[in-house]
file model_27.csv (CSV, C-alpha atoms)
chain,number,residue,atom,x,y,z
A,1,MET,CA,1.3,12.2,21.5
A,2,GLN,CA,-0.7,15.1,20.2
A,3,MET,CA,-2.6,14.6,16.9
A,4,HIS,CA,-0.6,17.0,14.8
A,5,GLN,CA,2.6,15.5,16.1
A,6,GLN,CA,1.4,12.0,15.1
A,7,ILE,CA,0.6,13.3,11.6
A,8,ASN,CA,3.9,15.1,11.1
A,9,SER,CA,5.9,12.1,12.4
A,10,ASN,CA,4.1,9.7,10.1
A,11,LYS,CA,4.6,12.0,7.1
A,12,GLY,CA,8.3,12.2,7.8
A,13,LYS,CA,8.7,8.5,8.1
A,14,THR,CA,6.9,8.0,4.8
A,15,TYR,CA,9.3,10.2,2.9
A,16,LEU,CA,12.2,8.6,4.6
A,17,PHE,CA,11.0,5.1,3.6
A,18,LEU,CA,10.6,6.2,0.0
A,19,LEU,CA,14.1,7.7,-0.1
A,20,LEU,CA,15.6,4.6,1.4
A,21,PHE,CA,13.6,2.5,-1.0
A,22,CYS,CA,15.0,4.3,-4.0
A,23,LEU,CA,18.5,4.3,-2.7
A,24,PHE,CA,18.3,0.6,-1.9
A,25,ILE,CA,17.2,-0.3,-5.4
A,26,GLY,CA,19.9,1.9,-7.0
A,27,VAL,CA,22.6,0.3,-4.8
A,28,VAL,CA,21.3,-3.2,-5.5
A,29,VAL,CA,21.1,-2.8,-9.3
A,30,PHE,CA,24.5,-1.2,-9.5
A,31,SER,CA,26.2,-3.8,-7.2
A,32,ILE,CA,24.8,-6.7,-9.2
A,33,SER,CA,25.4,-5.4,-12.6
A,34,TYR,CA,28.9,-4.3,-11.7
A,35,ASN,CA,29.7,-8.0,-11.7
A,36,PHE,CA,29.3,-8.0,-15.5
A,37,SER,CA,31.2,-4.7,-16.2
A,38,LYS,CA,31.3,-1.1,-15.2
A,39,GLU,CA,29.4,-0.1,-18.4
A,40,SER,CA,26.6,-2.5,-17.7
A,41,ALA,CA,26.3,-1.2,-14.1
A,42,TYR,CA,25.4,2.3,-15.3
A,43,LEU,CA,23.2,0.9,-18.1
A,44,PHE,CA,21.2,-1.4,-15.8
A,45,THR,CA,20.8,1.2,-13.1
A,46,THR,CA,19.4,3.7,-15.6
A,47,MET,CA,17.1,1.0,-17.0
A,48,ALA,CA,15.8,0.2,-13.5
A,49,LEU,CA,15.0,3.8,-12.9
A,50,VAL,CA,13.3,4.3,-16.2
A,51,ILE,CA,11.2,1.1,-15.7
A,52,ALA,CA,10.2,2.2,-12.2
A,53,LEU,CA,9.2,5.7,-13.4
A,54,LEU,CA,7.1,4.3,-16.4
A,55,GLY,CA,5.5,1.7,-14.2
A,56,SER,CA,4.7,4.2,-11.5
A,57,PHE,CA,3.1,6.6,-14.1
A,58,PHE,CA,1.0,3.8,-15.6
A,59,THR,CA,-0.1,2.5,-12.2
A,60,TYR,CA,-0.8,5.9,-10.8
A,61,TYR,CA,-3.2,6.8,-13.7
A,62,ASN,CA,-5.0,3.5,-14.0
A,63,SER,CA,-5.0,2.1,-10.5
A,64,ASP,CA,-8.6,3.3,-9.7
A,65,LYS,CA,-10.2,1.5,-12.7
A,66,ILE,CA,-8.1,-1.7,-12.1
A,67,LEU,CA,-8.8,-1.9,-8.4
A,68,LEU,CA,-12.6,-1.2,-8.6
A,69,ARG,CA,-12.9,-3.8,-11.3
A,70,MET,CA,-10.9,-6.4,-9.3
A,71,ALA,CA,-13.1,-5.7,-6.2
A,72,ASN,CA,-16.3,-6.1,-8.3
A,73,ALA,CA,-17.4,-2.7,-7.1
A,74,HIS,CA,-20.2,-0.9,-8.9
A,75,PRO,CA,-21.1,2.9,-8.8
A,76,VAL,CA,-24.2,3.7,-6.7
A,77,ALA,CA,-26.5,6.6,-7.6
A,78,LYS,CA,-27.4,9.2,-5.0
A,79,GLU,CA,-31.1,8.4,-5.4
A,80,LYS,CA,-30.4,4.7,-4.5
A,81,ASP,CA,-28.2,5.3,-1.5
A,82,PRO,CA,-28.5,8.9,-0.3
A,83,TYR,CA,-27.2,7.9,3.2
A,84,LEU,CA,-23.8,6.8,1.8
A,85,HIS,CA,-23.6,9.8,-0.5
A,86,HIS,CA,-24.5,12.3,2.2
A,87,THR,CA,-21.9,10.8,4.5
A,88,ILE,CA,-19.2,11.0,1.9
A,89,GLU,CA,-20.1,14.5,1.0
A,90,GLY,CA,-20.1,15.7,4.6
A,91,VAL,CA,-16.7,14.2,5.4
A,92,ALA,CA,-15.3,15.5,2.2
A,93,ILE,CA,-16.4,19.0,3.0
A,94,ALA,CA,-14.8,18.7,6.5
A,95,ALA,CA,-11.6,17.5,4.9
A,96,ASN,CA,-11.7,20.3,2.3
A,97,ILE,CA,-11.5,18.0,-0.8
A,98,PRO,CA,-13.8,17.3,-3.7
A,99,THR,CA,-16.4,14.7,-3.1
A,100,PRO,CA,-15.1,11.2,-4.1
A,101,LYS,CA,-17.3,8.9,-6.2
A,102,ALA,CA,-19.3,6.3,-4.3
A,103,TYR,CA,-19.0,2.6,-5.0
A,104,VAL,CA,-20.5,-0.5,-3.3
A,105,ILE,CA,-19.2,-4.0,-3.2
A,106,GLU,CA,-22.0,-6.6,-2.8
A,107,THR,CA,-20.7,-8.7,0.1
A,108,ASP,CA,-21.8,-9.1,3.7
A,109,ILE,CA,-18.2,-8.8,4.9
A,110,PRO,CA,-17.7,-5.2,6.2
A,111,ASN,CA,-14.8,-3.3,4.7
A,112,ALA,CA,-13.8,-0.3,2.6
A,113,PHE,CA,-11.0,1.1,0.5
A,114,ALA,CA,-10.2,4.3,-1.4
A,115,THR,CA,-8.6,4.7,-4.8
A,116,GLY,CA,-7.8,7.5,-7.3
A,117,ARG,CA,-4.7,9.4,-8.5
A,118,ASN,CA,-5.6,12.6,-6.7
A,119,PRO,CA,-8.5,14.2,-4.7
A,120,LYS,CA,-10.2,15.4,-7.9
A,121,ASN,CA,-10.2,11.9,-9.4
A,122,SER,CA,-11.0,9.6,-6.5
A,123,ALA,CA,-13.5,7.0,-5.4
A,124,ILE,CA,-14.5,5.2,-2.1
A,125,ALA,CA,-15.8,1.7,-2.2
A,126,VAL,CA,-17.6,0.2,0.8
A,127,THR,CA,-19.2,-3.2,1.2
A,128,ARG,CA,-22.9,-3.8,1.7
A,129,GLY,CA,-21.9,-5.4,5.0
A,130,LEU,CA,-20.2,-2.2,6.2
A,131,LEU,CA,-23.4,-0.2,5.5
A,132,ASN,CA,-25.5,-2.7,7.4
A,133,ILE,CA,-23.6,-2.8,10.7
A,134,MET,CA,-22.1,0.7,11.2
A,135,ASN,CA,-24.0,3.4,13.0
A,136,ARG,CA,-23.6,7.0,11.8
A,137,GLU,CA,-20.5,7.9,13.8
A,138,GLU,CA,-18.8,4.6,12.8
A,139,LEU,CA,-19.5,5.0,9.1
A,140,GLU,CA,-18.2,8.6,9.2
A,141,GLY,CA,-15.0,7.3,10.9
A,142,VAL,CA,-14.5,4.7,8.1
A,143,ILE,CA,-15.2,7.3,5.4
A,144,ALA,CA,-12.9,9.8,7.1
A,145,HIS,CA,-10.1,7.2,7.2
A,146,GLU,CA,-10.5,6.5,3.4
A,147,ILE,CA,-10.8,10.2,2.6
A,148,SER,CA,-7.5,10.7,4.6
A,149,HIS,CA,-5.8,8.3,2.3
A,150,ILE,CA,-7.0,10.3,-0.7
A,151,LYS,CA,-6.0,13.7,0.9
A,152,ASN,CA,-2.6,12.4,1.9
A,153,TYR,CA,-2.0,11.0,-1.6
A,154,ASP,CA,-1.5,7.5,-0.3
A,155,ILE,CA,-2.5,6.0,-3.6
A,156,LEU,CA,0.5,7.7,-5.2
A,157,PHE,CA,2.8,6.4,-2.4
A,158,SER,CA,1.5,2.8,-2.6
A,159,SER,CA,1.7,2.8,-6.4
A,160,ILE,CA,5.3,3.8,-6.3
A,161,ALA,CA,6.1,1.3,-3.6
A,162,ILE,CA,4.4,-1.6,-5.5
A,163,VAL,CA,6.2,-0.7,-8.8
A,164,LEU,CA,9.6,-0.3,-7.1
A,165,THR,CA,9.2,-3.7,-5.4
A,166,GLY,CA,8.0,-5.3,-8.6
A,167,THR,CA,10.9,-3.8,-10.6
A,168,LEU,CA,13.4,-5.1,-8.1
A,169,VAL,CA,11.9,-8.6,-8.1
A,170,TYR,CA,12.0,-8.7,-11.9
A,171,LEU,CA,15.6,-7.4,-12.1
A,172,ALA,CA,16.7,-9.8,-9.5
A,173,ALA,CA,15.2,-12.7,-11.5
A,174,PHE,CA,16.9,-11.4,-14.6
A,175,PHE,CA,20.3,-11.1,-13.0
A,176,ARG,CA,19.9,-14.5,-11.5
A,177,ARG,CA,19.3,-16.1,-14.8
A,178,SER,CA,22.1,-14.1,-16.4
A,179,LEU,CA,24.6,-15.3,-13.7
A,180,PHE,CA,23.6,-18.9,-14.1
A,181,TYR,CA,23.3,-19.1,-17.8
A,182,GLY,CA,24.5,-16.1,-19.8
A,183,GLY,CA,27.6,-15.2,-17.8
A,184,ARG,CA,29.4,-18.5,-17.1
A,185,GLY,CA,32.4,-17.7,-19.2
A,186,GLN,CA,32.5,-14.2,-17.8
A,187,ARG,CA,32.3,-15.5,-14.3
A,188,ARG,CA,35.2,-17.9,-14.8
A,189,GLY,CA,37.3,-15.0,-16.1
A,190,LYS,CA,36.4,-13.0,-13.1
A,191,ARG,CA,37.3,-15.8,-10.7
A,192,ASP,CA,40.6,-16.1,-12.4
A,193,GLY,CA,41.1,-12.4,-11.8
A,194,GLY,CA,40.3,-12.7,-8.1
A,195,ASN,CA,36.7,-11.3,-8.2
A,196,ALA,CA,35.0,-14.4,-6.7
A,197,ILE,CA,34.1,-12.4,-3.6
A,198,MET,CA,32.2,-9.9,-5.6
A,199,MET,CA,30.3,-12.7,-7.3
A,200,ILE,CA,29.3,-14.1,-3.9
A,201,ILE,CA,28.1,-10.7,-2.7
A,202,GLY,CA,26.1,-10.3,-5.9
A,203,MET,CA,24.4,-13.6,-5.4
A,204,ILE,CA,23.5,-12.8,-1.8
A,205,ILE,CA,22.0,-9.5,-2.9
A,206,ILE,CA,20.0,-11.2,-5.6
A,207,ILE,CA,18.5,-13.6,-3.1
A,208,PHE,CA,17.7,-11.1,-0.3
A,209,ALA,CA,17.0,-7.9,-2.1
A,210,PRO,CA,13.4,-8.7,-3.0
A,211,LEU,CA,12.7,-9.7,0.6
A,212,ILE,CA,14.1,-6.5,1.9
A,213,ALA,CA,12.1,-4.5,-0.6
A,214,LYS,CA,9.0,-6.2,0.4
A,215,LEU,CA,9.7,-5.4,4.1
A,216,ILE,CA,10.1,-1.7,3.2
A,217,GLN,CA,6.9,-1.8,1.3
A,218,MET,CA,5.0,-3.3,4.2
A,219,ALA,CA,6.5,-0.7,6.6
A,220,LEU,CA,5.4,2.1,4.3
A,221,SER,CA,1.9,0.6,4.2
A,222,ARG,CA,1.6,0.3,8.0
A,223,ASN,CA,2.9,3.9,8.4
A,224,ARG,CA,0.2,5.3,6.0
A,225,GLU,CA,-2.5,3.5,8.0
A,226,TYR,CA,-1.4,5.2,11.2
A,227,LEU,CA,-1.4,8.5,9.3
A,228,ALA,CA,-4.9,8.0,7.9
A,229,ASP,CA,-6.2,7.1,11.4
A,230,ALA,CA,-4.8,10.3,12.9
A,231,THR,CA,-5.9,12.5,9.9
A,232,ALA,CA,-9.4,11.1,10.2
A,233,ALA,CA,-9.6,11.9,13.9
A,234,ARG,CA,-8.5,15.4,13.2
A,235,THR,CA,-11.0,15.8,10.3
A,236,LEU,CA,-14.0,14.7,12.4
A,237,GLY,CA,-12.9,16.0,15.8
A,238,TYR,CA,-13.9,12.7,17.4
A,239,PRO,CA,-11.8,9.6,17.1
A,240,ILE,CA,-14.2,7.3,19.0
A,241,GLY,CA,-16.3,6.6,15.9
A,242,LEU,CA,-13.4,5.1,13.9
A,243,ALA,CA,-12.1,3.2,17.0
A,244,SER,CA,-15.5,1.6,17.4
A,245,ALA,CA,-15.7,0.8,13.7
A,246,LEU,CA,-12.3,-0.9,13.8
A,247,GLU,CA,-13.5,-3.1,16.6
A,248,LYS,CA,-16.6,-4.2,14.6
A,249,LEU,CA,-14.5,-4.8,11.5
A,250,ALA,CA,-12.2,-7.2,13.4
A,251,LYS,CA,-15.2,-9.0,14.8
A,252,TYR,CA,-17.0,-9.5,11.4
A,253,ASN,CA,-13.9,-10.2,9.2
A,254,ASN,CA,-14.0,-13.5,7.4
A,255,PRO,CA,-10.9,-14.4,5.3
A,256,GLN,CA,-12.2,-17.7,4.0
A,257,LYS,CA,-15.4,-16.1,2.7
A,258,THR,CA,-13.4,-13.2,1.2
A,259,ILE,CA,-11.3,-15.7,-0.8
A,260,GLU,CA,-14.5,-17.5,-2.0
A,261,GLU,CA,-16.2,-14.3,-3.1
A,262,GLY,CA,-13.0,-12.9,-4.6
A,263,PHE,CA,-13.5,-9.2,-3.9
A,264,ALA,CA,-9.9,-9.1,-2.5
A,265,ASN,CA,-6.6,-10.9,-3.0
A,266,GLU,CA,-3.0,-10.7,-1.9
A,267,ALA,CA,-2.3,-7.8,-4.3
A,268,THR,CA,-5.3,-5.6,-3.1
A,269,ALA,CA,-5.8,-6.7,0.5
A,270,GLY,CA,-3.4,-4.0,1.8
A,271,LEU,CA,-5.6,-1.2,0.4
A,272,PHE,CA,-8.6,-2.0,2.6
A,273,ILE,CA,-9.2,-0.3,6.0
A,274,VAL,CA,-8.5,-3.7,7.6
A,275,ASN,CA,-6.8,-6.6,5.8
A,276,PRO,CA,-9.7,-8.9,4.7
A,277,LEU,CA,-7.3,-11.9,4.4
A,278,SER,CA,-5.8,-11.6,7.8
A,279,LYS,CA,-6.8,-14.2,10.4
A,280,ASN,CA,-5.3,-12.3,13.3
A,281,HIS,CA,-5.4,-8.5,13.2
A,282,ASN,CA,-3.4,-8.1,16.4
A,283,ILE,CA,-0.1,-9.6,15.2
A,284,ASP,CA,2.8,-7.1,15.1
A,285,SER,CA,4.8,-8.5,12.2
A,286,LEU,CA,7.2,-7.0,9.7
A,287,PHE,CA,5.3,-8.8,6.9
A,288,MET,CA,1.9,-7.3,7.8
A,289,THR,CA,0.3,-4.6,5.6
A,290,HIS,CA,-1.6,-3.1,8.6
A,291,PRO,CA,-0.5,-2.3,12.1
A,292,PRO,CA,-2.1,-4.3,14.9
A,293,LEU,CA,-5.7,-3.3,15.4
A,294,GLU,CA,-5.4,-3.1,19.1
A,295,LYS,CA,-2.6,-0.5,18.7
A,296,ARG,CA,-4.6,1.5,16.2
A,297,ILE,CA,-7.7,1.5,18.5
A,298,SER,CA,-5.6,2.4,21.5
A,299,ASN,CA,-4.0,5.3,19.6
A,300,LEU,CA,-7.4,6.6,18.6
A,301,ARG,CA,-8.9,6.3,22.1
A,302,ASN,CA,-5.9,8.1,23.6
A,303,ILE,CA,-6.0,11.1,21.3

call {"tool": "encode", "arguments": {"input": "model_27.csv", "output": "structure tokens"}}
result
Amino acid sequence: MQMHQQINSNKGKTYLFLLLFCLFIGVVVFSISYNFSKESAYLFTTMALVIALLGSFFTYYNSDKILLRMANAHPVAKEKDPYLHHTIEGVAIAANIPTPKAYVIETDIPNAFATGRNPKNSAIAVTRGLLNIMNREELEGVIAHEISHIKNYDILFSSIAIVLTGTLVYLAAFFRRSLFYGGRGQRRGKRDGGNAIMMIIGMIIIIFAPLIAKLIQMALSRNREYLADATAARTLGYPIGLASALEKLAKYNNPQKTIEEGFANEATAGLFIVNPLSKNHNIDSLFMTHPPLEKRISNLRNI
């Protein structure tokens, strides 16, 4: 597949995922709350949308500060690490975006991530281990991948997906408690009126909706990784550097040490160029935040 075709295809899939995500949450909330009354169905659906919008707004504007603090990343001055700064500046110019701020995480495990609400307010964090093992072309490939996330507004997409999933999980727990404790008399009345089937459907939705939402979130994450790889290859004009970098990242990854050092956790692992908590990067699973590395590398080498 041609590079521009990969990029357009991945963009289309992302918007489709987000649309399905929003529709799914609306249907779930309406279906569950309808078991209480028609009025509560409209009320809870509106509440869910408001909560999701407010949560997305807060996460979008504060995600960079939160993530950099969680990763123990510190800003690095140009005088102290001109090599990193020059690399970021060069790739940013090629991508036609403002230069992101440079951060370093003091760990020997090679990895990197990008954050920020838009290209004008963005940052790239790389580990000391990444700087130590990557040659020039490989480092440029990694930086180009992270700059692609910034350019493609992936932080916005991931923030929305995280908030939507969290909102649905919270509402499912709320409805579950309401059905078990607050609505017993109401449920008995509904069963007497022949609505037991709707109650069963509601319970099934409550149980499985968070799982389905998580699967959609993971699919969205994998799709954005493919898009960032393809965009990075187009930005630099040579995909081999990133392909070689991914091979090194898989070789040096150490999930146990990552947990011990605490620069990544389950909430943030999906933001890194490779999942630092994954023991096998070549598993093709619906629950993985990243596509199989073998497939990513193969795609890059075949461009």

call {"tool": "atom_distance", "arguments": {"input": "model_27.csv", "atom1": "CA of Ile124 in chain A", "atom2": "CA of Lys101 in chain A"}}
result
6.2 Å

call {"tool": "closest_residue", "arguments": {"input": "model_27.csv", "among": "A:Asn111, A:Gly237, A:Gly26, A:Ala269", "to": "Val50 in chain A", "atoms": "all atoms listed in the file"}}
result
A:Gly26

call {"tool": "closest_atom_pairs", "arguments": {"input": "model_27.csv", "of": "range 133-166 of chain A", "to": "range 215-227 of chain A", "cutoff": "9 Å", "atoms": "all atoms listed in the file", "output": "CSV"}}
result
residue,atom,partner,partner_atom,distance
A:His145,CA,A:Glu225,CA,8.5
A:Ser148,CA,A:Leu227,CA,8.0
A:His149,CA,A:Arg224,CA,7.7
A:Asn152,CA,A:Leu227,CA,8.5
A:Asp154,CA,A:Arg224,CA,6.9
A:Phe157,CA,A:Leu220,CA,8.4
A:Ser158,CA,A:Ser221,CA,7.2
A:Ala161,CA,A:Gln217,CA,5.9
A:Ile162,CA,A:Gln217,CA,7.2
A:Leu164,CA,A:Gln217,CA,8.9
A:Thr165,CA,A:Gln217,CA,7.3

call {"tool": "atom_distance", "arguments": {"input": "model_27.csv", "atom1": "CA of Val126 in chain A", "atom2": "CA of Ile105 in chain A"}}
result
6.0 Å

call {"tool": "residues_around", "arguments": {"input": "model_27.csv", "residues": "range 88-96 of chain A", "least_positions_apart": "6", "cutoff": "7 Å", "atoms": "all atoms listed in the file", "output": "ChimeraX atom specification"}}
result
/A:140,143-144,147,235

call {"tool": "residues_near_point", "arguments": {"input": "model_27.csv", "point": "(-9.9, -5.4, -9.0)", "cutoff": "12 Å", "atoms": "only C-alpha atoms", "output": "list in words"}}
result
Asn62, Ser63, Asp64, Lys65, Ile66, Leu67, Leu68, Arg69, Met70, Ala71, Asn72, Ala73, His74, Ile105, Phe113, Thr115, Ala125, Gly262, Phe263, Ala264, Asn265, Glu266, Ala267, Thr268, Ala269 and Leu271 of chain A

call {"tool": "atom_distance", "arguments": {"input": "model_27.csv", "atom1": "CA of Gly166 in chain A", "atom2": "CA of Val27 in chain A"}}
result
16.1 Å

call {"tool": "residues_around", "arguments": {"input": "model_27.csv", "residues": "Leu293 in chain A", "least_positions_apart": "4", "cutoff": "7 Å", "atoms": "all atoms listed in the file", "output": "PDB file with C-alpha atoms, in the coordinates of the input"}}
result
ATOM      1  CA  HIS A 281      -5.400  -8.500  13.200  1.00  0.00           C
ATOM      2  CA  ASN A 282      -3.400  -8.100  16.400  1.00  0.00           C
ATOM      3  CA  ILE A 297      -7.700   1.500  18.500  1.00  0.00           C
TER       4      ILE A 297
END

call {"tool": "residues_around", "arguments": {"input": "model_27.csv", "residues": "Tyr83 in chain A", "least_positions_apart": "2", "cutoff": "12 Å", "atoms": "only C-alpha atoms", "output": "list in words"}}
result
Val76, Ala77, Lys78, Glu79, Lys80, Asp81, His85, His86, Thr87, Ile88, Glu89, Gly90, Ala102, Leu131, Asn132, Met134, Asn135, Arg136, Leu139 and Glu140 of chain A
